[in-house]
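coords_11.csv (CSV, C-alpha atoms)
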chain,number,residue,atom,x,y,z
S,13,MET,CA,107.2,103.2,122.2
S,14,THR,CA,109.7,103.7,119.4
S,15,GLY,CA,112.4,106.3,120.2
S,16,ALA,CA,112.0,109.6,118.4
S,17,ALA,CA,115.8,109.7,117.7
S,18,THR,CA,115.7,106.6,115.5
S,19,ARG,CA,112.1,106.5,114.4
S,20,CYS,CA,111.4,106.9,110.6
S,21,PRO,CA,111.3,110.7,110.2
S,22,TRP,CA,108.1,111.0,108.2
S,23,PRO,CA,105.6,111.0,111.0
S,24,GLY,CA,107.2,114.1,112.5
S,25,LYS,CA,105.7,114.9,115.9
S,26,ASP,CA,102.1,114.6,115.1
S,27,PRO,CA,100.7,112.2,117.8
S,28,LEU,CA,98.3,110.5,115.4
S,29,TYR,CA,100.9,110.0,112.8
S,30,VAL,CA,103.4,108.7,115.3
S,31,ALA,CA,100.9,106.2,116.7
S,32,TYR,CA,100.1,105.0,113.1
S,33,HIS,CA,103.8,104.5,112.5
S,34,ASP,CA,104.5,102.8,115.8
S,35,GLU,CA,101.5,100.5,115.8
S,36,GLU,CA,100.2,99.9,112.3
S,37,TRP,CA,102.5,100.8,109.4
S,38,GLY,CA,104.4,97.8,108.1
S,39,VAL,CA,102.5,95.2,110.2
S,40,PRO,CA,101.5,92.2,107.9
S,41,GLU,CA,97.8,92.3,107.3
S,42,PHE,CA,96.0,89.3,105.9
S,43,ASP,CA,92.3,90.1,106.8
S,44,ALA,CA,90.5,90.5,103.5
S,45,ARG,CA,88.1,93.2,104.8
S,46,ALA,CA,90.9,95.2,106.4
S,47,LEU,CA,92.9,95.0,103.1
S,48,TYR,CA,89.9,96.4,101.2
S,49,GLU,CA,89.5,99.3,103.7
S,50,LYS,CA,93.2,100.2,103.3
S,51,LEU,CA,93.1,100.0,99.5
S,52,VAL,CA,90.0,102.3,99.4
S,53,LEU,CA,91.6,104.8,101.8
S,54,ASP,CA,94.8,104.8,99.7
S,55,GLY,CA,92.6,105.5,96.7
S,56,PHE,CA,91.0,108.5,98.5
S,57,GLN,CA,94.6,109.7,99.3
S,58,ALA,CA,95.4,110.2,95.6
S,59,GLY,CA,96.5,113.8,95.3
S,60,LEU,CA,96.5,114.3,99.0
S,61,SER,CA,98.7,113.5,102.0
S,62,TRP,CA,98.2,110.3,104.1
S,63,ILE,CA,97.9,112.3,107.3
S,64,THR,CA,94.8,114.1,105.7
S,65,ILE,CA,93.2,110.7,105.3
S,66,LEU,CA,94.3,109.4,108.7
S,67,ARG,CA,92.7,112.4,110.4
S,68,LYS,CA,89.4,111.5,108.6
S,69,ARG,CA,89.7,107.7,108.9
S,70,GLU,CA,87.1,107.4,111.7
S,71,ASN,CA,84.7,109.6,109.7
S,72,PHE,CA,85.3,107.3,106.7
S,73,ARG,CA,84.5,104.2,108.7
S,74,ARG,CA,81.3,105.8,110.0
S,75,ALA,CA,80.2,107.0,106.5
S,76,PHE,CA,81.1,103.7,104.8
S,77,ASP,CA,79.4,101.3,107.3
S,78,GLY,CA,82.7,100.1,108.8
S,79,PHE,CA,84.0,99.4,105.3
S,80,ASP,CA,81.8,96.3,105.1
S,81,PRO,CA,82.1,95.4,101.4
S,82,HIS,CA,78.8,93.5,101.5
S,83,ARG,CA,77.0,96.7,102.4
S,84,ILE,CA,79.0,99.0,100.2
S,85,ALA,CA,78.5,96.9,97.2
S,86,ARG,CA,74.8,97.7,97.4
S,87,TYR,CA,75.2,101.4,97.5
S,88,GLY,CA,73.2,103.4,95.0
S,89,GLU,CA,72.5,107.0,94.1
S,90,ARG,CA,70.9,107.7,97.5
S,91,GLN,CA,74.1,106.6,99.4
S,92,ILE,CA,76.3,108.4,97.0
S,93,ALA,CA,74.4,111.6,97.5
S,94,ARG,CA,74.7,111.1,101.3
S,95,LEU,CA,78.4,110.7,101.0
S,96,LEU,CA,78.8,113.7,98.8
S,97,LYS,CA,77.2,115.8,101.5
S,98,ASP,CA,79.4,114.4,104.3
S,99,GLU,CA,82.0,117.0,105.2
S,100,GLY,CA,83.9,114.5,107.4
S,101,ILE,CA,85.3,112.6,104.3
S,102,ILE,CA,86.8,113.4,100.9
S,103,ARG,CA,83.8,114.2,98.8
S,104,SER,CA,84.9,112.9,95.4
S,105,ARG,CA,82.2,111.2,93.3
S,106,ALA,CA,84.9,109.3,91.3
S,107,LYS,CA,86.6,108.0,94.5
S,108,ILE,CA,83.2,107.1,96.1
S,109,GLU,CA,82.1,105.2,93.0
S,110,ALA,CA,85.5,103.5,92.9
S,111,ALA,CA,85.0,102.3,96.5
S,112,ILE,CA,81.6,100.9,95.6
S,113,LYS,CA,82.9,99.2,92.5
S,114,GLY,CA,85.8,97.8,94.5
S,115,ALA,CA,83.4,96.3,97.0
S,116,GLN,CA,81.5,94.5,94.2
S,117,ILE,CA,84.8,93.1,92.8
S,118,TRP,CA,85.9,92.1,96.3
S,119,LEU,CA,82.7,90.1,96.7
S,120,GLU,CA,83.3,88.3,93.4
S,121,ILE,CA,86.9,87.5,94.3
S,122,MET,CA,85.9,86.2,97.7
S,123,GLU,CA,83.3,83.9,96.1
S,124,ARG,CA,85.2,82.6,93.2
S,125,GLU,CA,89.0,82.6,94.0
S,126,ASN,CA,90.9,80.3,96.2
S,127,GLY,CA,92.3,82.3,99.1
S,128,GLY,CA,90.1,85.3,98.4
S,129,PHE,CA,91.2,88.9,98.3
S,130,ALA,CA,94.1,88.3,100.6
S,131,ALA,CA,95.6,85.8,98.2
S,132,VAL,CA,95.1,88.2,95.2
S,133,ILE,CA,97.1,90.8,97.1
S,134,TRP,CA,99.8,88.7,98.8
S,135,LYS,CA,100.7,86.4,95.9
S,136,HIS,CA,102.6,89.4,94.4
S,137,VAL,CA,105.2,88.9,97.2
S,138,GLU,CA,104.8,85.1,97.2
S,139,GLY,CA,102.8,85.3,100.4
S,140,ARG,CA,105.6,86.6,102.6
S,141,PRO,CA,106.7,90.2,103.5
S,142,GLN,CA,109.7,91.5,101.7
S,143,ILE,CA,112.3,92.9,104.2
S,144,ASN,CA,114.1,95.9,102.8
S,145,ARG,CA,117.1,97.5,104.5
S,146,PHE,CA,117.0,101.2,103.6
S,147,LYS,CA,119.2,103.4,105.7
S,148,THR,CA,117.4,106.6,104.8
S,149,THR,CA,113.9,107.4,103.6
S,150,ALA,CA,115.5,109.0,100.5
S,151,ARG,CA,116.4,105.4,99.3
S,152,VAL,CA,112.8,104.2,99.6
S,153,PRO,CA,111.2,103.9,96.1
S,154,ALA,CA,107.8,105.4,95.2
S,155,SER,CA,107.0,102.3,93.2
S,156,THR,CA,108.6,99.0,92.2
S,157,LYS,CA,108.1,96.2,89.6
S,158,MET,CA,106.0,94.4,92.3
S,159,SER,CA,103.7,97.4,92.7
S,160,GLU,CA,103.4,97.8,88.9
S,161,ALA,CA,102.4,94.1,88.6
S,162,LEU,CA,99.9,94.4,91.4
S,163,SER,CA,98.5,97.6,89.9
S,164,ARG,CA,98.0,95.9,86.6
S,165,ASP,CA,96.3,93.0,88.2
S,166,LEU,CA,93.9,95.2,90.2
S,167,LYS,CA,93.2,97.4,87.2
S,168,GLN,CA,92.4,94.3,85.0
S,169,ARG,CA,89.9,93.2,87.6
S,170,GLY,CA,88.2,96.6,87.4
S,171,PHE,CA,89.6,98.5,90.5
S,172,ASN,CA,90.2,102.2,90.1
S,173,PHE,CA,92.7,104.5,91.8
S,174,VAL,CA,95.2,101.7,92.0
S,175,GLY,CA,98.2,103.1,90.2
S,176,PRO,CA,101.7,101.7,91.0
S,177,VAL,CA,102.5,104.6,93.5
S,178,ILE,CA,99.3,104.2,95.3
S,179,VAL,CA,99.6,100.5,95.4
S,180,TYR,CA,103.2,100.7,96.7
S,181,ALA,CA,102.1,102.9,99.6
S,182,PHE,CA,99.4,100.3,100.3
S,183,ALA,CA,102.0,97.5,100.2
S,184,GLN,CA,104.1,99.4,102.7
S,185,ALA,CA,101.2,100.0,105.0
S,186,VAL,CA,99.9,96.4,105.1
S,187,GLY,CA,103.4,94.9,105.6
S,188,MET,CA,103.9,93.4,102.1
S,189,VAL,CA,107.2,95.2,102.2
S,190,ASN,CA,109.1,96.4,105.3
S,191,ASP,CA,110.2,99.9,104.5
S,192,HIS,CA,111.0,101.2,108.0
S,193,ILE,CA,114.6,102.4,107.9
S,194,VAL,CA,117.0,99.9,109.5
S,195,ALA,CA,117.7,102.2,112.5
S,196,CYS,CA,114.0,102.4,113.4
S,197,PRO,CA,113.1,99.8,116.0
S,198,ARG,CA,109.9,99.1,114.1
S,199,HIS,CA,112.1,97.6,111.3
S,200,ALA,CA,113.1,94.7,113.6
S,201,ALA,CA,109.7,94.4,115.1
S,202,CYS,CA,107.9,94.1,111.7
S,203,ALA,CA,110.7,91.7,110.5
S,204,ALA,CA,110.0,89.5,113.5
S,205,LEU,CA,106.3,89.5,112.6
S,206,ALA,CA,107.1,88.6,109.0
S,207,ALA,CA,109.2,85.7,110.2
S,208,LYS,CA,106.1,84.1,111.8
S,209,VAL,CA,104.2,84.1,108.5
S,210,PRO,CA,103.9,80.5,107.1
S,211,VAL,CA,106.2,80.0,104.0
S,212,SER,CA,103.4,78.7,101.9
S,213,LEU,CA,100.8,81.4,102.7
S,214,PHE,CA,99.3,82.7,99.5
S,215,ARG,CA,102.3,81.8,97.4
S,216,ASP,CA,101.5,82.0,93.7
S,217,LYS,CA,102.2,78.5,92.5
S,218,PRO,CA,102.9,77.7,88.8
What would you get if you wrote out this structure as structure tokens?
Amino acid sequence: MTGAATRCPWPGKDPLYVAYHDEEWGVPEFDARALYEKLVLDGFQAGLSWITILRKRENFRRAFDGFDPHRIARYGERQIARLLKDEGIIRSRAKIEAAIKGAQIWLEIMERENGGFAAVIWKHVEGRPQINRFKTTARVPASTKMSEALSRDLKQRGFNFVGPVIVYAFAQAVGMVNDHIVACPRHAACAALAAKVPVSLFRDKP
């Protein structure tokens, strides 16, 4: 367990948030379905705090069929109505419809593009996690040129709720960038995981 004295300060003392920080945040994720789930949840976070979404994550997974894009892509008005009545999730029609549309786009990408959805995401960091060395969370940016480019890419494909700030939070969470402060033991742990990623994985080649 990461020591509280040096852990990134943002989880505070909330056990759920601490566990998320210590076990998930910043770990490189290459599974296409898991990336879709995280992108959808970050979209639902828009205007809210991540801990709000994290506390409802299991409800979201139940309501959205385990975030299986194949099933979500077929959702119609009956499923939307069901979700809008579900008090365990964020009941926003716009965000629900964005999740459905995103599932449909995800299926198209998986069928037509080499490397699938993971490649679409990871090519923006040339297939390897970027290791930052921020000493305080005050130095961590809200968005970067990378997240702006990824945001444009996703928007052009038809995704919604994928602005540069949302997308950068997504990139931090799935390990595209390592934004643990350097004093946090998870910085070294995630850097070690990044070092194991093959150099050529999902690199955007000219």
Long-range neighbours of S:Trp62 as a compact mmCIF listing (two decimals) with C-alpha atoms, keeping the file's coordinate frame, 10 Å cut-off, only C-alpha atoms, 6 positions minimum in chain:
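Here's the written file result_10.txt:
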# COMPACT_ATOMS: atom_id res chain seq x y z
CA TYR S 29 100.90 110.00 112.80
CA LEU S 53 91.60 104.80 101.80
CA ASP S 54 94.80 104.80 99.70
CA PHE S 56 91.00 108.50 98.50
CA LYS S 68 89.40 111.50 108.60
CA ALA S 181 102.10 102.90 99.60
Practice problem: Just the residues within 9 Å of S:Gln57, please, counting all atoms listed in the file, with nothing from its chain fewer than 6 positions along; format it as a list in words. | Solution: Thr64, Ile65, Ile102 and Ile178 of chain S
Go ahead and save the residues from that selection, with C-alpha atoms, as a PDB file, in the coordinates of the input.
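And here is the file that came out, out.pdb:
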ATOM      1  CA  THR S  64      94.800 114.100 105.700  1.00  0.00           C
ATOM      2  CA  ILE S  65      93.200 110.700 105.300  1.00  0.00           C
ATOM      3  CA  ILE S 102      86.800 113.400 100.900  1.00  0.00           C
ATOM      4  CA  ILE S 178      99.300 104.200  95.300  1.00  0.00           C
TER       5      ILE S 178
END
Quiz item: Can you tell me, as a VMD selection string, what residues are no more than 10 Å from S:Ala111 when counting all atoms listed in the file, ignoring any on the same chain fewer than 2 positions away?
Solution: chain S and resid 48 to 49 51 to 53 55 to 56 76 79 81 84 to 85 87 105 to 109 113 to 117 171 to 173
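Taking atom CA of S:Tyr180 and atom CA of S:Pro141 as the two end points, the separation is 13.0 Å.
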Exercise. Give me the residues within 10 Å of stretch 21-25 of chain S as a ChimeraX atom specification, counting only C-alpha atoms and dropping any in the same chain fewer than 4 places off.
Key: /S:16-17,29-34,63,148-149,192-193,196
Quick one: write out the picked residues with C-alpha atoms as an mmCIF file, in the frame of the given file?
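Output file part32.cif is given in full below:
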data_model
loop_
_atom_site.group_PDB
_atom_site.id
_atom_site.type_symbol
_atom_site.label_atom_id
_atom_site.label_comp_id
_atom_site.auth_asym_id
_atom_site.auth_seq_id
_atom_site.Cartn_x
_atom_site.Cartn_y
_atom_site.Cartn_z
ATOM 1 C CA ALA S 16 112.000 109.600 118.400
ATOM 2 C CA ALA S 17 115.800 109.700 117.700
ATOM 3 C CA TYR S 29 100.900 110.000 112.800
ATOM 4 C CA VAL S 30 103.400 108.700 115.300
ATOM 5 C CA ALA S 31 100.900 106.200 116.700
ATOM 6 C CA TYR S 32 100.100 105.000 113.100
ATOM 7 C CA HIS S 33 103.800 104.500 112.500
ATOM 8 C CA ASP S 34 104.500 102.800 115.800
ATOM 9 C CA ILE S 63 97.900 112.300 107.300
ATOM 10 C CA THR S 148 117.400 106.600 104.800
ATOM 11 C CA THR S 149 113.900 107.400 103.600
ATOM 12 C CA HIS S 192 111.000 101.200 108.000
ATOM 13 C CA ILE S 193 114.600 102.400 107.900
ATOM 14 C CA CYS S 196 114.000 102.400 113.400
#
Exercise. Go through S:Val194, S:Ala130, S:Leu96, S:Ile121 one by one, measure the shortest atom-to-atom distance of each to S:Pro40 using all atoms listed in the file, and give the residue with the smallest value.
Key: S:Ala130
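Going from atom CA of S:Ser155 over to atom CA of S:Gly170, you cover 20.5 Å.
Atom CA of S:Leu95 is found 14.2 Å from atom CA of S:Glu70.
Ranking S:Asn144, S:Arg45, S:Val152, S:Gly139 by their shortest atom-to-atom distance to S:Cys202, with only C-alpha atoms included, puts S:Asn144 first.
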Exercise. Determine, counting all atoms listed in the file, which protein, DNA and RNA residues have an atom within 12 Å of an atom of stretch 197-200 of chain S; residues of the same chain fewer than 3 positions away are not included. Present the result as a PyMOL selection string.
Key: chain S and resi 13-20+30-39+142-147+184+187+189-194+203-207
Store the residues picked out above in a file with C-alpha atoms, as an mmCIF file, in the coordinates of the input.
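To be explicit, this is the file written out as selection_11.cif:
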data_model
loop_
_atom_site.group_PDB
_atom_site.id
_atom_site.type_symbol
_atom_site.label_atom_id
_atom_site.label_comp_id
_atom_site.auth_asym_id
_atom_site.auth_seq_id
_atom_site.Cartn_x
_atom_site.Cartn_y
_atom_site.Cartn_z
ATOM 1 C CA MET S 13 107.200 103.200 122.200
ATOM 2 C CA THR S 14 109.700 103.700 119.400
ATOM 3 C CA GLY S 15 112.400 106.300 120.200
ATOM 4 C CA ALA S 16 112.000 109.600 118.400
ATOM 5 C CA ALA S 17 115.800 109.700 117.700
ATOM 6 C CA THR S 18 115.700 106.600 115.500
ATOM 7 C CA ARG S 19 112.100 106.500 114.400
ATOM 8 C CA CYS S 20 111.400 106.900 110.600
ATOM 9 C CA VAL S 30 103.400 108.700 115.300
ATOM 10 C CA ALA S 31 100.900 106.200 116.700
ATOM 11 C CA TYR S 32 100.100 105.000 113.100
ATOM 12 C CA HIS S 33 103.800 104.500 112.500
ATOM 13 C CA ASP S 34 104.500 102.800 115.800
ATOM 14 C CA GLU S 35 101.500 100.500 115.800
ATOM 15 C CA GLU S 36 100.200 99.900 112.300
ATOM 16 C CA TRP S 37 102.500 100.800 109.400
ATOM 17 C CA GLY S 38 104.400 97.800 108.100
ATOM 18 C CA VAL S 39 102.500 95.200 110.200
ATOM 19 C CA GLN S 142 109.700 91.500 101.700
ATOM 20 C CA ILE S 143 112.300 92.900 104.200
ATOM 21 C CA ASN S 144 114.100 95.900 102.800
ATOM 22 C CA ARG S 145 117.100 97.500 104.500
ATOM 23 C CA PHE S 146 117.000 101.200 103.600
ATOM 24 C CA LYS S 147 119.200 103.400 105.700
ATOM 25 C CA GLN S 184 104.100 99.400 102.700
ATOM 26 C CA GLY S 187 103.400 94.900 105.600
ATOM 27 C CA VAL S 189 107.200 95.200 102.200
ATOM 28 C CA ASN S 190 109.100 96.400 105.300
ATOM 29 C CA ASP S 191 110.200 99.900 104.500
ATOM 30 C CA HIS S 192 111.000 101.200 108.000
ATOM 31 C CA ILE S 193 114.600 102.400 107.900
ATOM 32 C CA VAL S 194 117.000 99.900 109.500
ATOM 33 C CA ALA S 203 110.700 91.700 110.500
ATOM 34 C CA ALA S 204 110.000 89.500 113.500
ATOM 35 C CA LEU S 205 106.300 89.500 112.600
ATOM 36 C CA ALA S 206 107.100 88.600 109.000
ATOM 37 C CA ALA S 207 109.200 85.700 110.200
#
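With distances restricted to only C-alpha atoms, S:Ala44 is the closest residue to S:Leu119 from S:Ala150, S:Ala44, S:Ala201, S:Ala131.
Nearest to S:Met188 of all the residues S:Ala161, S:Arg140, S:Lys167, S:Ala93 is S:Arg140, counting only C-alpha atoms.
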Exercise. Choose the residue, out of S:Val186, S:Pro176, S:Ile101, S:Ala154, that has the smallest atom-to-atom separation from S:Arg74; count all atoms listed in the file.
Key: S:Ile101
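Of the residues listed (S:Gly59, S:Ala75, S:Gly100, S:Asp165), S:Gly59 shows the shortest atom-to-atom separation from S:Val177; distances use all atoms listed in the file.
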